Amino acid sequence: MIDLRPTLPSPRPPGRTLLLLLALGFLLRTLRFLQDWPLWWNEAFLAVNLFERDLPDLLQPLAYRQVCPIGFLATVKGAINLLGPSTWSLRLIPWLASLAALAVVASATRYIPNPRAGLIGLALLTVAYHPVQLGSELKPYSTDLLASSIILHRALAWHANPAQPTPLIHLALLSLPLMLVSYPAALVLAAMAAASSLRLRQIPPSSRRAWFEWSGILALSALLVRHLASPQAAAATADPLNEYLHDGFPASLHPHHLGHWLLQLATGRLLAFPFGDPGLTSLAGLGLALVGLATLLRHDRPLATLLAAPFAASLAAGLLRLYPLGGHPRVSQHLLPCLAFILGYGLDRLFACLPVSRLQRPRLAWLILITIGLAPLIRNYAQPFHTPRDQAARHFAQSFWPRFGPDARVLCLRRDLRLFPIEDPNPDVALYLANRSLYAPPARRRPPHSLWLVHYDAPGLAPDDLPTPPNAPPLQLAATHLLPHHGRRGARVRVFQPLAHSLPGTPRPQSLQSTVQR
């Protein structure tokens with residue numbers, strides 16, 4: 001029987017295996033980052049806010065019902081300002097966060113009493129589908145994973161030696177920064193505080209005092225972050241069309257609805273780890289998680305409580321409609337470090353029962369890991385876009401905007417001049433605006449040699465004929481371009497030339513002149 005009692009960090013983690021797993025994880029995440037696939041609409045929603053707003057304006061309710069921590073927005077905005085607008089600068093911070101999260105989890109394995117279970121958990125996180133795919137996406141999913149990994153690392157360090165208050169002091173200092181880059185970090189911090197409180201009577205006064213100080217700082221930090229996030233959250237949750245958030249909550253607390261929601265959680269994508277697709281893999285993940293928890297409860301109940309606490313906190317938040325849990329796994333990345341170690345204990349128990357020789361186990365394990373990690377990337381290279389509309393939007397922007405040249409001034413009738421009403425949030429409009437910011441020539445300070453006005457019609461939103469508001473300048477249609485759209489009528493981008501505009505010094509219509517100056 002393996003002794004799973006809390007112990008001090010072991011100085012003998014299998015260093016070679018650990019380094020190989022880190023190298024494999026870094027390689028998979030870097031290959032995904034280097035694929036440079038087109039922005040898809042979920043990223044475009046956030047990119048438009050980053051391109052069109054300054055940092056103070058990002059604290060206000062975001063366009064397209066986006067909810068994103070200000071710390072993440074500030075770091076990505078800094079990357080854009082430093083490196084210029086590109087898909088690389090948009091995705092740099094998520095990619096770096098994904099690498100850092102894997103390194104933190106690798107360091108946390110030294111605090112797992114069963115080294116083999118810790119390595120198995122790290123191996124699962126190394127090749128898991130969603131952490132690799134989302135690790136280079138313009139969303140705070142990888143920072144959610146990084147924040148929860150740091151919290152778990154410090155909580156495990158304290159669990160290994162409760163008499164040492166230093167990990168609790170670290171958590172107190174990190175509580176506010178982590179919640180500023182990851183909203184679900186508040187759930188993980190609260191869960192770890194509650195789980196560690198069960199051992200207060202068994203720890204020395206110094207650790208007990210550090211725990212109370214951490215709890216106080218955590219509560220104040222949570223109130224501050226809630227205040228900063230309330231405008232975004234109110235705008236997102238008040239919209240009845242925001243089904244993405246509502247899918248993460250039970251329809252009601254009626255036993256029928258609640259049971260259906262819990263069944264979806266148990267058989268959904270979250271437990272389809274590391275593959276990502278629900279079905280038999282979800283049932284297998286559920287079974288391994290139950291085996292892992294049973295093993296932990298039998299030998300190390302404090303550790304079992306520590307690893308299970310974030311799930312209980314997230315479940316309570318879902319029931320209270322504070323944070324979605326039953327939706328896509330992208331909003332549950334904060335649970336993956338704990339889930340990986342729980343499954344690690346379950347798989348370790350399973351491997352002990354398999355009739356495979358000790359010589360064959362490492363070879364078989366590495367073959368399975370490499371296959372799981374590389375298969376989605378190979379598929380991505382064969383189809384380098386999220387949806388066909390994303391690829392069409394990028395191809396159009398790359399061919400359309402550069403043709404005007406750096407000496408031309410291109411203005412959007414709807415967005416820049418505000419001559420027509422802005423459409424309701426629409427993926428096609430977001431893709432158009434984000435790609436315009438990425439591929440349009442930068443504006444020059446000197447007067448332009450030519451002025452062009454552009455009007456974009458998203459499929460199903462704009463009328464076929466362009467209306468003429470009373471303050472519109474006289475326009476002449478220069479060209480009409482069709483933006484292919486998968487499965488529906490394509491969007492039209494119409495280019496107009498003001499009748500009095502062209503050379504420097506040529507007077508322009510007063511309404512257009514004043515609008516441009518504004």
# chains A, B, ... in the order shown; residues from 1 in each chain; ligands from 1
>>> residues_around(residues="Pro376 (chain A)", least_positions_apart="4", cutoff="12 Å", atoms="only C-alpha atoms", output="PyMOL selection string")
chain A and resi 28-29+31-32+127-133+274-277+370-372+380-384
>>> residues_around(residues="Leu19 (chain A)", least_positions_apart="4", cutoff="12 Å", atoms="only C-alpha atoms", output="MDAnalysis selection string")
chainID A and resid 13:15 23:26 102:103 106:107 119 122:123 126
>>> closest_residue(among="A:Ile80, A:Leu319, A:Ser207, A:Ser196", to="Glu52 (chain A)", atoms="only C-alpha atoms")
A:Ile80
>>> closest_residue(among="A:Val76, A:Ile342, A:Ala316, A:Ala108", to="Trp88 (chain A)", atoms="only C-alpha atoms")
A:Val76
>>> atom_distance(atom1="CA of Ala210 (chain A)", atom2="CA of Ser182 (chain A)")
23.5 Å
>>> atom_distance(atom1="CA of Ala478 (chain A)", atom2="CA of Ser86 (chain A)")
28.9 Å
>>> closest_residue(among="A:Leu138, A:Leu83, A:Leu453, A:Leu145", to="Leu50 (chain A)", atoms="only C-alpha atoms")
A:Leu138
>>> residues_around(residues="Ala63 (chain A)", least_positions_apart="4", cutoff="9 Å", atoms="only C-alpha atoms", output="PyMOL selection string")
chain A and resi 45-46+48-49+425
>>> write_last_selection(atoms="C-alpha atoms", output="PDB file, in the first residue's frame")
ATOM      1  CA  PHE A  45     -15.582  40.518 -30.266  1.00  0.00           C
ATOM      2  CA  LEU A  46     -12.785  41.233 -27.793  1.00  0.00           C
ATOM      3  CA  VAL A  48     -12.680  45.265 -31.518  1.00  0.00           C
ATOM      4  CA  ASN A  49     -12.810  46.560 -27.936  1.00  0.00           C
ATOM      5  CA  PRO A 425     -23.709  42.893 -32.149  1.00  0.00           C
TER       6      PRO A 425
END
>>> residues_around(residues="region 432-435 of chain A", least_positions_apart="6", cutoff="8 Å", atoms="only C-alpha atoms", output="short mmCIF file (atom, residue, chain, number, x, y, z; two decimals) with N, CA and C atoms, in the first residue's frame")
data_model
loop_
_atom_site.label_atom_id
_atom_site.label_comp_id
_atom_site.auth_asym_id
_atom_site.auth_seq_id
_atom_site.Cartn_x
_atom_site.Cartn_y
_atom_site.Cartn_z
N LEU A 39 -8.47 35.21 -37.01
CA LEU A 39 -9.34 35.52 -35.88
C LEU A 39 -10.72 34.94 -36.12
N ALA A 44 -12.77 38.11 -32.24
CA ALA A 44 -13.01 39.41 -32.86
C ALA A 44 -13.84 40.31 -31.94
N ALA A 47 -11.31 41.71 -29.68
CA ALA A 47 -10.31 42.49 -30.41
C ALA A 47 -10.83 43.87 -30.78
N VAL A 48 -12.11 43.96 -31.16
CA VAL A 48 -12.68 45.26 -31.52
C VAL A 48 -12.61 46.21 -30.32
N PHE A 51 -8.93 47.34 -29.90
CA PHE A 51 -8.46 48.25 -30.95
C PHE A 51 -9.09 49.63 -30.84
N ALA A 393 -13.13 36.19 -44.15
CA ALA A 393 -12.96 37.56 -43.66
C ALA A 393 -11.50 37.98 -43.70
N ARG A 394 -10.59 37.09 -43.34
CA ARG A 394 -9.17 37.44 -43.39
C ARG A 394 -8.70 37.62 -44.83
N ALA A 397 -9.83 40.96 -46.12
CA ALA A 397 -9.12 42.10 -45.53
C ALA A 397 -7.71 42.20 -46.09
#
>>> atom_distance(atom1="CA of Leu262 (chain A)", atom2="CA of Gly135 (chain A)")
27.5 Å
>>> residues_around(residues="region 60-62 of chain A", least_positions_apart="4", cutoff="7 Å", atoms="only C-alpha atoms", output="PyMOL selection string")
chain A and resi 49+66+231-232+235
>>> write_last_selection(atoms="N, CA and C atoms", output="compact mmCIF listing (two decimals), in the first residue's frame")
# COMPACT_ATOMS: atom_id res chain seq x y z
N ASN A 49 -12.91 45.72 -29.14
CA ASN A 49 -12.81 46.56 -27.94
C ASN A 49 -11.37 47.02 -27.69
N GLN A 66 -19.10 41.41 -23.89
CA GLN A 66 -17.91 40.73 -23.42
C GLN A 66 -17.68 40.98 -21.94
N PRO A 231 -19.84 46.66 -14.01
CA PRO A 231 -20.43 47.19 -15.25
C PRO A 231 -20.45 46.17 -16.38
N GLN A 232 -19.34 45.43 -16.55
CA GLN A 232 -19.30 44.40 -17.59
C GLN A 232 -20.33 43.31 -17.30
N ALA A 235 -23.99 44.35 -17.86
CA ALA A 235 -24.34 44.48 -19.27
C ALA A 235 -24.48 43.12 -19.94
>>> residues_around(residues="Gly346 (chain A)", least_positions_apart="3", cutoff="8 Å", atoms="only C-alpha atoms", output="list in words")
Leu288, Ala289, Leu290, Val291, Gly292, Leu293, Thr295, Ile342, Leu343, Arg349 and Leu350 of chain A
>>> select_by_dssp(residues="region 211-317 of chain A", states="helix (DSSP H, G or I)", output="PyMOL selection string")
chain A and resi 211-237+243-246+255-267+280-299+301-317
>>> closest_atom_pairs(of="region 314-396 of chain A", to="region 268-273 of chain A", cutoff="12 Å", atoms="only C-alpha atoms", output="CSV")
residue,atom,partner,partner_atom,distance
A:Leu325,CA,A:Leu270,CA,9.4
A:Gly326,CA,A:Gly268,CA,8.1
A:Gly327,CA,A:Gly268,CA,8.8
A:His328,CA,A:Arg269,CA,7.2
A:Pro329,CA,A:Leu270,CA,5.4
A:Arg330,CA,A:Leu270,CA,9.0
A:Val331,CA,A:Leu270,CA,9.7
A:Ser332,CA,A:Leu270,CA,7.3
A:Gln333,CA,A:Leu270,CA,8.8
A:His334,CA,A:Leu270,CA,11.1
A:Leu335,CA,A:Leu270,CA,8.9
A:Leu336,CA,A:Leu270,CA,8.6
A:Pro337,CA,A:Phe273,CA,11.4
A:Leu339,CA,A:Leu271,CA,8.4
A:Ala340,CA,A:Phe273,CA,8.3
A:Phe341,CA,A:Phe273,CA,11.7
A:Ile342,CA,A:Leu271,CA,11.3
A:Leu343,CA,A:Phe273,CA,8.9
A:Gly344,CA,A:Phe273,CA,11.3
A:Ile372,CA,A:Phe273,CA,10.9
>>> residues_around(residues="Pro204 (chain A)", least_positions_apart="5", cutoff="10 Å", atoms="only C-alpha atoms", output="compact mmCIF listing (two decimals) with C-alpha atoms, in the first residue's frame")
# COMPACT_ATOMS: atom_id res chain seq x y z
CA PRO A 162 1.17 23.38 7.58
CA ALA A 163 3.56 24.75 10.20
CA GLN A 164 5.13 27.05 7.58
CA PRO A 165 3.00 30.17 6.99
CA ARG A 209 -2.61 34.20 12.00
>>> decode(residues="region 91-110 of chain A", atoms="C-alpha atoms", output="mmCIF file, in the first residue's frame")
data_model
loop_
_atom_site.group_PDB
_atom_site.id
_atom_site.type_symbol
_atom_site.label_atom_id
_atom_site.label_comp_id
_atom_site.auth_asym_id
_atom_site.auth_seq_id
_atom_site.Cartn_x
_atom_site.Cartn_y
_atom_site.Cartn_z
ATOM 1 C CA ARG A 91 -2.324 36.201 -28.730
ATOM 2 C CA LEU A 92 1.083 36.713 -27.130
ATOM 3 C CA ILE A 93 -0.143 37.062 -23.530
ATOM 4 C CA PRO A 94 -2.449 33.988 -23.680
ATOM 5 C CA TRP A 95 0.401 31.911 -25.165
ATOM 6 C CA LEU A 96 2.886 32.989 -22.488
ATOM 7 C CA ALA A 97 0.280 32.323 -19.797
ATOM 8 C CA SER A 98 -0.294 28.799 -21.132
ATOM 9 C CA LEU A 99 3.435 28.052 -20.950
ATOM 10 C CA ALA A 100 3.703 29.493 -17.452
ATOM 11 C CA ALA A 101 0.682 27.491 -16.247
ATOM 12 C CA LEU A 102 2.251 24.230 -17.370
ATOM 13 C CA ALA A 103 5.542 25.121 -15.650
ATOM 14 C CA VAL A 104 3.725 25.955 -12.392
ATOM 15 C CA VAL A 105 1.820 22.654 -12.427
ATOM 16 C CA ALA A 106 5.085 20.820 -13.101
ATOM 17 C CA SER A 107 6.584 22.503 -10.040
ATOM 18 C CA ALA A 108 3.510 21.594 -7.987
ATOM 19 C CA THR A 109 4.052 17.866 -8.590
ATOM 20 C CA ARG A 110 6.809 17.899 -5.971
#
